[in-house]
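Here is structure_3.cif, consisting of mmCIF, C-alpha atoms:
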data_model
loop_
_atom_site.label_atom_id
_atom_site.label_comp_id
_atom_site.auth_asym_id
_atom_site.auth_seq_id
_atom_site.Cartn_x
_atom_site.Cartn_y
_atom_site.Cartn_z
CA ASN A 1 30.20 4.35 -1.29
CA GLU A 2 28.34 1.18 -0.30
CA TYR A 3 24.97 2.96 -0.70
CA LYS A 4 25.59 4.36 -4.17
CA SER A 5 23.45 1.82 -6.01
CA TYR A 6 20.52 2.51 -3.70
CA LEU A 7 20.42 6.31 -3.89
CA ARG A 8 17.71 6.21 -6.56
CA MET A 9 15.35 4.89 -3.89
CA SER A 10 16.19 7.40 -1.14
CA THR A 11 13.32 8.71 0.97
CA VAL A 12 13.37 11.92 2.99
CA VAL A 13 11.24 12.00 6.14
CA ILE A 14 9.94 15.43 7.20
CA GLN A 15 8.58 15.55 10.75
CA VAL A 16 6.21 18.48 11.29
CA GLY A 17 4.73 19.58 14.63
CA GLN A 18 4.69 17.77 17.95
CA CYS A 19 2.89 14.69 16.69
CA GLY A 20 4.91 14.51 13.48
CA ASN A 21 8.22 14.66 15.34
CA GLN A 22 7.21 12.06 17.90
CA VAL A 23 5.93 9.59 15.31
CA GLY A 24 8.86 10.34 12.98
CA HIS A 25 11.41 9.65 15.70
CA GLU A 26 9.75 6.34 16.59
CA LEU A 27 9.62 5.43 12.89
CA LEU A 28 13.34 6.05 12.32
CA GLN A 29 14.21 4.10 15.46
CA ARG A 30 12.23 1.15 14.13
CA LEU A 31 13.61 1.36 10.59
CA TYR A 32 17.20 1.44 11.81
CA ALA A 33 16.68 -1.39 14.30
CA GLU A 34 15.10 -3.57 11.61
CA ALA A 35 17.93 -2.83 9.19
CA ILE A 36 20.83 -3.70 11.47
CA SER A 37 19.10 -6.82 12.82
CA SER A 38 19.12 -8.42 9.37
CA SER A 39 21.82 -10.87 8.31
CA ASP A 40 20.92 -10.14 4.68
CA GLU A 41 23.44 -7.52 3.57
CA GLY A 42 21.35 -6.55 0.54
CA TYR A 43 18.30 -5.90 2.70
CA LYS A 44 20.34 -3.99 5.29
CA SER A 45 22.03 -1.81 2.67
CA GLN A 46 18.72 -1.12 0.94
CA CYS A 47 17.06 0.03 4.16
CA LEU A 48 20.00 2.14 5.32
CA GLY A 49 20.42 3.62 1.86
CA GLN A 50 16.75 4.52 1.64
CA PHE A 51 16.30 6.27 5.00
CA PHE A 52 19.84 7.11 6.15
CA SER A 53 22.56 8.79 4.14
CA GLY A 54 25.76 7.04 3.17
CA GLY A 55 27.71 9.68 5.05
CA GLN A 56 28.51 9.21 8.71
CA THR A 57 29.51 11.46 11.57
CA SER A 58 33.00 11.39 13.03
CA SER A 59 31.68 8.96 15.63
CA GLY A 60 30.40 6.61 12.94
CA LEU A 61 26.69 7.38 13.25
CA HIS A 62 24.45 7.11 10.19
CA ILE A 63 22.67 10.39 9.44
CA ALA A 64 18.90 10.19 9.03
CA ASN A 65 17.39 11.56 5.82
CA SER A 66 15.13 13.74 7.91
CA ILE A 67 14.07 17.33 8.53
CA LEU A 68 12.57 18.34 11.88
CA VAL A 69 10.05 21.21 11.97
CA ASP A 70 8.15 22.64 14.92
CA MET A 71 7.39 26.16 16.09
CA GLU A 72 8.27 25.20 19.65
CA THR A 73 11.73 23.81 20.33
CA LYS A 74 10.91 21.34 23.10
CA VAL A 75 9.97 18.29 21.00
CA VAL A 76 12.69 18.94 18.40
CA ASN A 77 15.33 19.19 21.14
CA ARG A 78 14.01 15.97 22.65
CA CYS A 79 14.37 14.23 19.28
CA LEU A 80 17.90 15.59 18.83
CA GLY A 81 18.83 14.48 22.32
CA GLY A 82 17.34 11.05 21.82
CA ASP A 83 19.27 9.91 18.76
CA GLY A 84 19.08 6.19 18.35
CA GLU A 85 22.00 3.85 18.81
CA GLY A 86 23.92 3.90 15.55
CA TRP A 87 22.15 6.87 13.94
CA CYS A 88 21.49 10.57 14.47
CA TYR A 89 19.73 13.58 12.97
CA ASP A 90 21.45 16.28 10.97
CA ARG A 91 21.57 19.17 13.48
CA HIS A 92 21.39 21.64 10.60
CA ALA A 93 18.18 20.12 9.22
CA CYS A 94 15.85 21.74 11.76
CA VAL A 95 13.39 24.63 11.51
CA THR A 96 11.99 26.05 14.74
CA ALA A 97 10.55 29.27 16.18
CA ARG A 98 9.84 30.59 19.67
CA GLU A 99 6.06 30.25 19.75
CA GLY A 100 3.62 27.61 18.55
CA SER A 101 0.83 28.04 16.02
CA GLY A 102 -1.96 28.06 18.62
CA ASN A 103 -3.96 25.23 17.02
CA ASN A 104 -4.59 27.56 14.08
CA TRP A 105 -4.15 26.22 10.54
CA ALA A 106 -3.99 29.74 9.10
CA ASN A 107 -1.22 30.73 11.52
CA GLY A 108 0.87 27.75 10.43
CA TYR A 109 0.10 28.05 6.73
CA TYR A 110 0.07 31.81 6.12
CA ASN A 111 2.11 33.29 8.97
CA TYR A 112 4.89 30.80 9.61
CA GLY A 113 4.60 29.43 6.09
CA GLU A 114 5.60 32.85 4.77
CA THR A 115 8.06 34.06 7.41
CA LEU A 116 9.98 30.76 7.44
CA ARG A 117 9.72 30.02 3.73
CA GLU A 118 13.30 30.99 2.84
CA GLU A 119 14.71 29.06 5.79
CA MET A 120 12.61 26.03 4.87
CA VAL A 121 13.73 26.18 1.25
CA GLU A 122 17.37 26.42 2.34
CA VAL A 123 17.09 23.38 4.63
CA ILE A 124 15.39 21.31 1.93
CA ARG A 125 18.03 22.29 -0.64
CA ARG A 126 20.79 21.42 1.81
CA ILE A 127 19.44 17.92 2.29
CA THR A 128 18.93 17.45 -1.46
CA ASP A 129 22.60 18.37 -1.95
CA ARG A 130 23.54 15.61 0.48
CA ILE A 131 21.07 13.14 -1.07
CA PRO A 132 21.07 14.02 -4.78
CA LEU A 133 18.59 11.37 -5.95
CA ILE A 134 15.36 11.40 -3.93
CA SER A 135 12.43 9.30 -5.14
CA THR A 136 9.96 9.95 -2.32
CA VAL A 137 9.33 12.41 0.49
CA LEU A 138 7.32 11.30 3.51
CA VAL A 139 5.71 14.18 5.45
CA ILE A 140 4.46 13.14 8.91
CA MET A 141 1.92 15.52 10.41
CA SER A 142 -1.27 15.87 12.44
CA SER A 143 -4.40 17.58 11.13
CA ALA A 144 -5.75 18.77 14.49
CA GLY A 145 -3.32 21.50 15.57
CA GLY A 146 -1.72 24.46 13.82
CA THR A 147 1.90 23.66 12.99
CA GLY A 148 1.45 20.09 11.77
CA SER A 149 -1.62 20.95 9.74
CA GLY A 150 -0.96 24.47 8.43
CA LEU A 151 2.81 24.48 8.08
CA GLY A 152 2.74 20.82 7.01
CA CYS A 153 0.53 21.82 4.08
CA ARG A 154 2.78 24.73 3.13
CA ILE A 155 5.88 22.51 3.28
CA THR A 156 4.19 19.98 1.01
CA GLU A 157 3.59 22.74 -1.56
CA ILE A 158 7.22 23.90 -1.30
CA LEU A 159 8.44 20.34 -1.86
CA ARG A 160 6.42 20.09 -5.06
CA TYR A 161 8.48 22.94 -6.56
CA ILE A 162 11.90 22.19 -5.07
CA ILE A 163 11.92 18.42 -5.70
CA PRO A 164 9.56 18.13 -8.68
CA GLY A 165 10.68 14.62 -9.59
CA ALA A 166 9.90 13.11 -6.18
CA LEU A 167 6.56 11.70 -5.12
CA ILE A 168 5.12 13.10 -1.87
CA LEU A 169 3.38 10.87 0.64
CA ASN A 170 1.71 12.50 3.65
CA GLN A 171 1.14 10.51 6.84
CA VAL A 172 -1.80 12.39 8.41
CA VAL A 173 -2.78 11.66 12.01
CA LEU A 174 -6.48 12.51 12.33
CA PRO A 175 -7.91 13.90 15.60
CA PHE A 176 -9.99 12.05 18.14
CA ARG A 177 -13.65 12.17 17.23
CA LYS A 178 -14.27 13.90 20.56
CA GLY A 179 -11.00 15.78 20.68
CA GLU A 180 -9.78 18.53 22.94
CA VAL A 181 -9.08 21.00 20.10
CA ALA A 182 -12.25 22.99 19.46
CA VAL A 183 -11.22 23.90 15.92
CA GLN A 184 -9.96 20.46 14.84
CA GLY A 185 -12.77 20.22 12.28
CA TYR A 186 -11.66 23.45 10.62
CA ASN A 187 -8.00 22.42 10.65
CA THR A 188 -8.68 18.96 9.22
CA VAL A 189 -10.91 20.24 6.39
CA LEU A 190 -8.38 22.95 5.51
CA SER A 191 -5.53 20.41 5.60
CA LEU A 192 -7.21 17.84 3.39
CA SER A 193 -8.25 20.50 0.90
CA SER A 194 -4.69 21.80 0.60
CA LEU A 195 -2.98 18.40 0.55
CA TYR A 196 -5.25 17.05 -2.17
CA ARG A 197 -3.78 19.65 -4.50
CA SER A 198 -0.10 19.01 -3.72
CA SER A 199 0.33 15.49 -2.31
CA ASP A 200 0.49 12.23 -4.26
CA GLY A 201 -1.08 10.18 -1.48
CA LEU A 202 -2.38 10.51 2.09
CA VAL A 203 -2.00 7.69 4.62
CA LEU A 204 -4.75 8.35 7.16
CA THR A 205 -4.23 7.36 10.79
CA HIS A 206 -7.18 7.67 13.15
CA ASN A 207 -6.26 8.45 16.77
CA ASP A 208 -9.44 6.79 18.04
CA ASP A 209 -8.57 3.49 16.34
CA TYR A 210 -5.03 3.38 17.65
CA GLN A 211 -6.08 4.40 21.15
CA GLU A 212 -8.51 1.47 21.30
CA LEU A 213 -5.89 -0.87 19.91
CA TRP A 214 -3.31 0.32 22.45
CA LYS A 215 -5.76 -0.13 25.33
CA ARG A 216 -6.38 -3.70 24.24
CA LEU A 217 -2.68 -4.53 23.91
CA SER A 218 -1.71 -2.86 27.18
CA ARG A 219 -4.28 -4.91 29.05
CA GLY A 220 -2.58 -7.94 27.56
CA GLY A 221 0.88 -6.85 28.66
CA GLY A 222 1.82 -4.41 25.93
CA GLY A 223 3.43 -1.94 28.29
CA GLY A 224 0.50 0.34 29.02
CA GLY A 225 -0.27 -0.81 32.51
CA LYS A 226 -4.02 -0.98 33.03
CA GLY A 227 -5.09 -0.20 29.52
CA GLY A 228 -5.17 3.58 29.86
CA MET A 229 -4.31 6.18 27.25
CA SER A 230 -0.65 6.51 26.29
CA PHE A 231 0.42 8.88 23.51
CA SER A 232 3.84 7.24 23.40
CA GLY A 233 2.17 3.83 23.05
CA VAL A 234 -0.12 5.08 20.28
CA ASN A 235 2.86 6.66 18.50
CA ARG A 236 4.76 3.37 18.67
CA LEU A 237 1.82 1.52 17.12
CA ILE A 238 1.48 4.08 14.32
CA SER A 239 5.21 3.98 13.59
CA SER A 240 5.24 0.18 13.69
CA HIS A 241 2.45 -0.09 11.13
CA LEU A 242 4.15 2.53 8.96
CA ALA A 243 7.55 0.82 9.16
CA GLY A 244 6.03 -2.48 8.09
CA MET A 245 4.73 -0.81 4.95
CA LEU A 246 7.93 1.12 4.17
CA LEU A 247 10.71 -1.40 4.82
CA PRO A 248 12.19 -2.99 1.67
CA SER A 249 10.29 -5.76 -0.07
CA ARG A 250 10.24 -7.34 -3.49
CA PRO A 251 7.31 -8.20 -5.77
CA LEU A 252 6.13 -11.60 -4.60
CA GLN A 253 7.01 -13.31 -7.87
CA ASP A 254 10.55 -11.83 -7.73
CA GLU A 255 11.38 -12.69 -4.13
CA VAL A 256 12.78 -16.14 -4.91
CA MET A 257 14.76 -14.78 -7.86
CA GLY A 258 16.25 -11.99 -5.75
CA ASN A 259 15.33 -9.17 -8.15
CA ASP A 260 15.36 -5.49 -7.18
CA PHE A 261 13.36 -4.22 -4.24
CA LEU A 262 10.18 -2.32 -5.11
CA GLY A 263 10.66 1.40 -4.52
CA LEU A 264 8.24 3.39 -2.40
CA ASP A 265 7.62 5.61 -5.41
CA SER A 266 6.50 2.62 -7.50
CA LEU A 267 4.27 1.39 -4.67
CA LEU A 268 2.64 4.80 -4.33
CA GLU A 269 1.99 4.98 -8.08
CA ASP A 270 0.26 1.59 -7.87
CA LEU A 271 -1.88 2.66 -4.92
CA VAL A 272 -3.06 5.97 -6.40
CA PRO A 273 -4.04 5.27 -10.03
CA HIS A 274 -6.36 8.32 -10.21
CA PRO A 275 -5.77 11.83 -8.78
CA GLY A 276 -9.30 11.95 -7.41
CA TYR A 277 -8.66 9.06 -5.02
CA LYS A 278 -5.66 9.59 -2.76
CA LEU A 279 -6.82 8.38 0.67
CA LEU A 280 -4.90 5.35 1.97
CA ARG A 281 -5.28 3.23 5.09
CA GLY A 282 -3.18 0.42 6.51
CA THR A 283 -3.60 -2.73 8.60
CA MET A 284 -1.19 -5.16 10.24
CA MET A 285 -1.50 -8.81 11.23
CA PRO A 286 -0.86 -10.14 13.77
CA VAL A 287 -1.52 -7.43 16.34
CA VAL A 288 -0.07 -8.75 19.59
CA SER A 289 1.22 -7.49 22.93
CA ASP A 290 4.91 -7.62 23.84
CA ILE A 291 4.32 -10.60 26.13
CA SER A 292 2.50 -12.57 23.42
CA ARG A 293 5.02 -11.80 20.68
CA ASP A 294 7.39 -14.67 21.47
CA TYR A 295 4.52 -17.15 21.39
CA THR A 296 2.95 -15.97 18.14
CA ASN A 297 3.55 -18.09 15.05
CA SER A 298 0.55 -17.63 12.78
CA PRO A 299 0.40 -19.38 9.38
CA TRP A 300 0.11 -17.31 6.21
CA GLU A 301 -3.43 -18.56 5.55
CA MET A 302 -4.72 -17.17 8.85
CA LEU A 303 -2.86 -13.86 8.52
CA PHE A 304 -4.29 -13.20 5.05
CA LYS A 305 -7.77 -14.34 6.11
CA TYR A 306 -7.86 -11.86 8.98
CA SER A 307 -6.29 -9.10 6.88
CA ARG A 308 -9.00 -9.55 4.27
CA GLN A 309 -11.77 -9.30 6.86
CA MET A 310 -10.19 -6.18 8.37
CA VAL A 311 -10.15 -4.56 4.93
CA LEU A 312 -13.77 -5.53 4.35
CA GLN A 313 -14.78 -3.85 7.62
CA ASN A 314 -12.32 -0.95 7.41
CA SER A 315 -10.78 -1.89 10.77
CA ILE A 316 -7.21 -2.04 12.12
CA ASN A 317 -8.28 -4.23 15.05
CA ASP A 318 -8.48 -7.99 14.51
CA GLU A 319 -10.69 -8.41 17.58
CA GLY A 320 -14.45 -8.02 17.26
CA LEU A 321 -14.54 -8.69 13.53
CA ILE A 322 -17.99 -9.48 12.16
CA TRP A 323 -17.35 -12.68 10.23
CA SER A 324 -20.89 -12.67 8.89
CA ALA A 325 -19.91 -9.59 6.87
CA ARG A 326 -19.22 -11.08 3.46
CA LEU A 327 -19.22 -10.23 -0.20
CA PRO A 328 -22.63 -10.41 -1.91
CA SER A 329 -21.48 -13.48 -3.84
CA GLU A 330 -20.66 -15.08 -0.48
CA GLY A 331 -24.11 -14.37 0.91
CA GLY A 332 -23.45 -10.82 2.13
CA SER A 333 -25.66 -7.76 1.74
CA ARG A 334 -25.27 -4.79 -0.61
CA ASN A 335 -26.92 -2.53 1.96
CA ARG A 336 -24.56 0.37 2.73
CA ASN A 337 -25.63 0.22 6.37
CA GLN A 338 -23.93 -3.18 6.59
CA PRO A 339 -20.17 -3.52 7.25
CA TYR A 340 -19.68 -4.19 3.53
CA PRO A 341 -19.36 -2.97 0.75
CA ASN A 342 -15.93 -1.35 0.77
CA PRO A 343 -14.95 -1.37 -2.92
CA ILE A 344 -11.21 -1.16 -3.46
CA VAL A 345 -9.65 1.27 -5.92
CA ALA A 346 -6.17 -0.21 -5.43
CA MET A 347 -4.28 -2.01 -2.69
CA ALA A 348 -0.96 -3.56 -1.72
CA THR A 349 0.01 -6.36 0.62
CA VAL A 350 3.46 -6.65 2.20
CA SER A 351 4.29 -10.01 3.79
CA ARG A 352 7.36 -10.47 5.98
CA GLY A 353 8.89 -13.72 7.19
CA LYS A 354 9.67 -17.25 6.07
CA PRO A 355 8.84 -19.18 4.04
CA THR A 356 7.68 -17.10 1.08
CA PRO A 357 3.86 -17.27 1.11
CA PRO A 358 2.03 -19.01 -1.73
CA SER A 359 -0.12 -16.95 -4.09
CA LEU A 360 -3.18 -16.90 -1.84
CA PRO A 361 -6.48 -15.79 -3.43
CA HIS A 362 -7.81 -13.63 -0.55
CA PHE A 363 -7.55 -10.29 -2.35
CA SER A 364 -7.91 -11.42 -5.96
CA THR A 365 -11.71 -11.79 -5.91
CA PRO A 366 -12.98 -9.37 -8.60
CA GLU A 367 -16.01 -8.49 -6.48
CA LEU A 368 -13.72 -6.87 -3.91
CA HIS A 369 -12.56 -4.29 -6.41
CA LEU A 370 -13.88 -1.30 -8.26
CA GLN A 371 -15.56 -2.40 -11.51
CA GLY A 372 -14.45 -5.96 -10.77
CA CYS A 373 -10.88 -5.15 -11.84
CA PRO A 374 -8.31 -6.09 -9.16
CA ARG A 375 -5.36 -3.72 -8.73
CA VAL A 376 -3.32 -5.59 -6.12
CA THR A 377 0.43 -5.23 -5.62
CA MET A 378 1.85 -8.11 -3.56
CA THR A 379 5.37 -7.82 -2.17
CA HIS A 380 7.40 -9.92 0.25
CA SER A 381 10.57 -9.89 2.33
CA SER A 382 11.99 -12.98 4.00
CA HIS A 383 13.32 -10.74 6.80
CA PRO A 384 10.87 -11.05 9.74
CA PHE A 385 9.44 -7.87 11.25
CA ASP A 386 9.65 -6.87 14.91
CA GLY A 387 10.48 -10.34 16.15
CA LEU A 388 7.41 -11.93 14.56
CA GLU A 389 7.85 -15.13 12.56
CA ARG A 390 5.41 -13.88 9.94
CA SER A 391 3.40 -10.69 9.45
CA VAL A 392 1.17 -9.16 6.78
CA PHE A 393 0.56 -5.47 6.10
CA THR A 394 -2.08 -4.06 3.79
CA ILE A 395 -2.36 -0.56 2.33
CA THR A 396 -5.75 0.07 0.81
CA ASN A 397 -7.30 2.83 -1.28
CA SER A 398 -10.99 2.07 -0.79
CA ALA A 399 -14.42 3.66 -0.42
CA ARG A 400 -14.68 3.55 3.36
CA ASN A 401 -11.38 5.37 3.88
CA ALA A 402 -13.52 8.50 3.62
CA ASP A 403 -16.06 7.43 6.27
CA PHE A 404 -14.76 10.02 8.74
CA LEU A 405 -15.29 12.93 6.35
CA SER A 406 -19.05 13.32 6.79
CA HIS A 407 -18.70 13.85 10.53
CA MET A 408 -15.70 16.18 10.12
CA ILE A 409 -17.42 18.31 7.46
CA GLU A 410 -20.62 18.52 9.50
CA GLU A 411 -18.70 19.61 12.59
CA ALA A 412 -16.80 22.28 10.66
CA TRP A 413 -19.92 23.61 8.89
CA ARG A 414 -21.76 23.87 12.20
CA LYS A 415 -19.04 26.07 13.69
CA PHE A 416 -18.69 28.07 10.47
CA ASN A 417 -22.41 28.87 10.30
CA ALA A 418 -22.26 29.98 13.94
CA LYS A 419 -19.22 32.15 13.03
CA ALA A 420 -17.27 30.41 15.79
CA PHE A 421 -13.53 31.20 15.93
CA LEU A 422 -13.50 32.62 12.40
CA TYR A 423 -11.81 35.84 13.52
CA GLN A 424 -8.79 33.80 14.65
CA TYR A 425 -8.28 32.60 11.08
CA GLU A 426 -9.17 35.87 9.39
CA LYS A 427 -6.42 37.75 11.24
CA PHE A 428 -3.84 35.50 9.56
CA GLY A 429 -5.28 35.93 6.07
CA LEU A 430 -7.89 33.20 5.63
CA ASP A 431 -11.18 34.80 4.56
CA LEU A 432 -14.65 33.28 4.38
CA ASP A 433 -14.30 32.44 0.69
CA GLY A 434 -11.17 30.46 1.54
CA PHE A 435 -13.17 28.44 4.04
CA ARG A 436 -15.97 27.83 1.53
CA GLU A 437 -13.52 26.71 -1.16
CA SER A 438 -11.96 24.20 1.25
CA PHE A 439 -15.39 22.88 2.24
CA SER A 440 -16.20 22.44 -1.45
CA VAL A 441 -13.00 20.47 -2.15
CA VAL A 442 -13.47 18.10 0.80
CA GLU A 443 -17.17 17.62 0.09
CA LYS A 444 -16.23 16.53 -3.44
CA ILE A 445 -13.67 14.05 -2.05
CA ASN A 446 -16.37 12.64 0.22
CA LYS A 447 -18.90 12.45 -2.60
CA ASP A 448 -16.43 10.75 -4.96
CA TYR A 449 -15.54 8.06 -2.45
CA ARG A 450 -19.11 7.46 -1.36
CA GLY A 451 -20.12 7.18 -5.00
CA LEU A 452 -17.81 4.25 -5.68
CA VAL A 453 -19.66 1.15 -6.82
CA ILE A 454 -18.51 -2.34 -7.63
#

Can you dump the structure from the file as structure tokens?
Amino acid sequence: NEYKSYLRMSTVVIQVGQCGNQVGHELLQRLYAEAISSSDEGYKSQCLGQFFSGGQTSSGLHIANSILVDMETKVVNRCLGGDGEGWCYDRHACVTAREGSGNNWANGYYNYGETLREEMVEVIRRITDRIPLISTVLVIMSSAGGTGSGLGCRITEILRYIIPGALILNQVVLPFRKGEVAVQGYNTVLSLSSLYRSSDGLVLTHNDDYQELWKRLSRGGGGGGKGGMSFSGVNRLISSHLAGMLLPSRPLQDEVMGNDFLGLDSLLEDLVPHPGYKLLRGTMMPVVSDISRDYTNSPWEMLFKYSRQMVLQNSINDEGLIWSARLPSEGGSRNRNQPYPNPIVAMATVSRGKPTPPSLPHFSTPELHLQGCPRVTMTHSSHPFDGLERSVFTITNSARNADFLSHMIEEAWRKFNAKAFLYQYEKFGLDLDGFRESFSVVEKINKDYRGLVI
């Protein structure tokens, strides 16, 4: 089996809910396309071996290491019917029901989490039989609705017991600040509280940020027409940023020597050095429209310079950066009302393209990091990403990753004190003490991150 030597680095992708399945499908499309476009057989085999099983269907399609979960069949059927060229899903690795979770975390977690537990366990065990050595599980979910949030949390707990040796990374799509789901504050607080107990790391994706980014790109010819909202466009952006982080890369110092690729499990261990700090956030440079892509050839120096400023300001958008926002040693302010500080607990950079970048100092400044002690993992792949000559991705565990929590907690407390919608959760088994415990957990996360000092 040509993938045998790479099985130790296999990753299973679990797509939960409408959002999770849409983003997951886009992600697998991108991962497969990037793999087969490479002339480097080692890179191609590593990518296929990590996200697609060595086995193939009778028609020669690679089978995705993926499980599809949703309580309504429409999106799952759409994913199954939209298999990419050269790959497909395992039709037996799906869990569905006849009715959704009604935007209710408790319905997904307690009701479906219990009634579908045995089926979920069976599907997970079936895929672990096919992929015996799994290092990481990626759970893609939204925190706003009921299935992605509630059942996504229950699945994460199940994984902890069934695959105890694997690390679990949750990609959590956070709701719009002014969302359409009245109980999104409840669902997000309940999700974060549960995931903090069972997940090894949470990559946070803010819908508001990606909507603004998509509007900007679509105005510049990114496929969105007149810059309006497009969920498919936002999902493509999210999956693109995620793929850039997940595709194979080597430690920068090992790239020239051709040593082993760095596993996602090792990267996650580097990014989460303490169990109290699990919130991760990513950036990508350059961020360009489809029309501009062929004309973009940015040098490494510029890409790292912009990436650094985006991290400083906790932004995924390279437009509108405040270049006057600097470190105190560079003349910046220590006032928390200013765009900085954003002390870093740990971070990673992934550069893609040729030539191999020099050891640039942008993220090595001690003042950037918690207690002045840099924890930076730098990896590289000479295989270019998405048609770009060069690109840089960052994944950061830093203080301002928790900025959204204060608003979310306040919104949830306001509804809780007014006793709004509580009966909908109580009928599925979540009592008031359960709410209060979740509030307490998330308030501690918020306090811990806000208390970080350099």

For A:Ser230: contacts at 9 Å, all atoms listed in the file, fewer than 5 positions along chain excluded, given as a PDB file with C-alpha atoms, in the coordinates of the input:
ATOM      1  CA  GLN A 211      -6.080   4.400  21.150  1.00  0.00           C
ATOM      2  CA  TRP A 214      -3.310   0.320  22.450  1.00  0.00           C
ATOM      3  CA  LYS A 215      -5.760  -0.130  25.330  1.00  0.00           C
ATOM      4  CA  GLY A 224       0.500   0.340  29.020  1.00  0.00           C
ATOM      5  CA  ASN A 235       2.860   6.660  18.500  1.00  0.00           C
TER       6      ASN A 235
END

Check: Residues picked by the PyMOL selection byres ((chain A and resi 127) around 10) here, as a list of chain:residue names?
Finding: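 Output of the PyMOL selection byres ((chain A and resi 127) around 10): A:Val12, A:Ser53, A:Asn65, A:Ser66, A:Ile67, A:Asp90, A:His92, A:Ala93, A:Glu122, A:Val123, A:Ile124, A:Arg125, A:Arg126, A:Thr128, A:Asp129, A:Arg130, A:Ile131, A:Pro132, A:Ile134.
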
Note to self: Could you tell me how far atom CA of A:Leu452 sits from atom CA of A:Gly263, in Å to one decimal place?
What the structure shows: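 Atom-to-atom, atom CA of A:Gly263 and atom CA of A:Leu452 are spaced 28.6 Å apart.
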
Check: From the list A:Gly201, A:Ser249, A:Ser191, A:Val392, which residue is nearest A:Met284 when using only C-alpha atoms?
Finding: A:Val392

Item checked: Using all atoms listed in the file: which of A:Leu370, A:Leu262, A:Val137, A:Leu204 has the shortest distance to A:Asp403 ->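 Smallest distance to A:Asp403 is found for A:Leu204.
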
Next item on the list: Could you give me, as number ranges by chain, the residues within 10 Å of A:Leu279, counting only C-alpha atoms and dropping anything in the same chain fewer than 4 positions from it?
Entry: A: 170, 192, 196, 200-204, 271-272, 396-402, 445, 449

Could the residues in this selection be written to a file with C-alpha atoms, as a short mmCIF file (atom, residue, chain, number, x, y, z; two decimals), keeping the file's coordinate frame?
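Wrote it out as result14.cif, contents follow:
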data_model
loop_
_atom_site.label_atom_id
_atom_site.label_comp_id
_atom_site.auth_asym_id
_atom_site.auth_seq_id
_atom_site.Cartn_x
_atom_site.Cartn_y
_atom_site.Cartn_z
CA ASN A 170 1.71 12.50 3.65
CA LEU A 192 -7.21 17.84 3.39
CA TYR A 196 -5.25 17.05 -2.17
CA ASP A 200 0.49 12.23 -4.26
CA GLY A 201 -1.08 10.18 -1.48
CA LEU A 202 -2.38 10.51 2.09
CA VAL A 203 -2.00 7.69 4.62
CA LEU A 204 -4.75 8.35 7.16
CA LEU A 271 -1.88 2.66 -4.92
CA VAL A 272 -3.06 5.97 -6.40
CA THR A 396 -5.75 0.07 0.81
CA ASN A 397 -7.30 2.83 -1.28
CA SER A 398 -10.99 2.07 -0.79
CA ALA A 399 -14.42 3.66 -0.42
CA ARG A 400 -14.68 3.55 3.36
CA ASN A 401 -11.38 5.37 3.88
CA ALA A 402 -13.52 8.50 3.62
CA ILE A 445 -13.67 14.05 -2.05
CA TYR A 449 -15.54 8.06 -2.45
#

Next item on the list: Please indicate the distance in Å from atom CA of A:Gly276 to atom CA of A:Arg197, rounded to one decimal place.
Entry: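 It comes out at 9.9 Å.
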
Next item on the list: Rank A:Val442, A:Pro355, A:Ile163, A:Leu31 by their smallest atom-to-atom distance to A:Lys44, using all atoms listed in the file, and report the top residue only.
Entry: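 The answer is A:Leu31, which sits nearest to A:Lys44.
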
Note to self: Env of A:Arg160: 12 Å cut, atoms = all atoms listed in the file, seq-sep filter 3 positions within chain, self excluded. Answer as a PyMOL selection string.
What the structure shows: chain A and resi 121+124+136-137+153-157+163-169+195+197-200

Check: Between A:Pro286, A:Gly185, A:Pro341, A:Gly60, which one has atoms that come closest to A:Ile316, using only C-alpha atoms?
Finding: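 Ranking A:Pro286, A:Gly185, A:Pro341, A:Gly60 by distance to A:Ile316, first place goes to A:Pro286.
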
Which residues come within 10 Å of A:Gly282, counting only C-alpha atoms, excluding same-chain residues fewer than 6 positions away, as an mmCIF file with C-alpha atoms, in the frame of the given file?
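What ended up in part.cif:
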data_model
loop_
_atom_site.group_PDB
_atom_site.id
_atom_site.type_symbol
_atom_site.label_atom_id
_atom_site.label_comp_id
_atom_site.auth_asym_id
_atom_site.auth_seq_id
_atom_site.Cartn_x
_atom_site.Cartn_y
_atom_site.Cartn_z
ATOM 1 C CA VAL A 203 -2.000 7.690 4.620
ATOM 2 C CA LEU A 204 -4.750 8.350 7.160
ATOM 3 C CA THR A 205 -4.230 7.360 10.790
ATOM 4 C CA ILE A 238 1.480 4.080 14.320
ATOM 5 C CA HIS A 241 2.450 -0.090 11.130
ATOM 6 C CA LEU A 242 4.150 2.530 8.960
ATOM 7 C CA GLY A 244 6.030 -2.480 8.090
ATOM 8 C CA MET A 245 4.730 -0.810 4.950
ATOM 9 C CA MET A 310 -10.190 -6.180 8.370
ATOM 10 C CA VAL A 311 -10.150 -4.560 4.930
ATOM 11 C CA ASN A 314 -12.320 -0.950 7.410
ATOM 12 C CA SER A 315 -10.780 -1.890 10.770
ATOM 13 C CA ILE A 316 -7.210 -2.040 12.120
ATOM 14 C CA MET A 347 -4.280 -2.010 -2.690
ATOM 15 C CA ALA A 348 -0.960 -3.560 -1.720
ATOM 16 C CA THR A 349 0.010 -6.360 0.620
ATOM 17 C CA PHE A 393 0.560 -5.470 6.100
ATOM 18 C CA THR A 394 -2.080 -4.060 3.790
ATOM 19 C CA ILE A 395 -2.360 -0.560 2.330
ATOM 20 C CA THR A 396 -5.750 0.070 0.810
ATOM 21 C CA ASN A 397 -7.300 2.830 -1.280
ATOM 22 C CA ASN A 401 -11.380 5.370 3.880
#
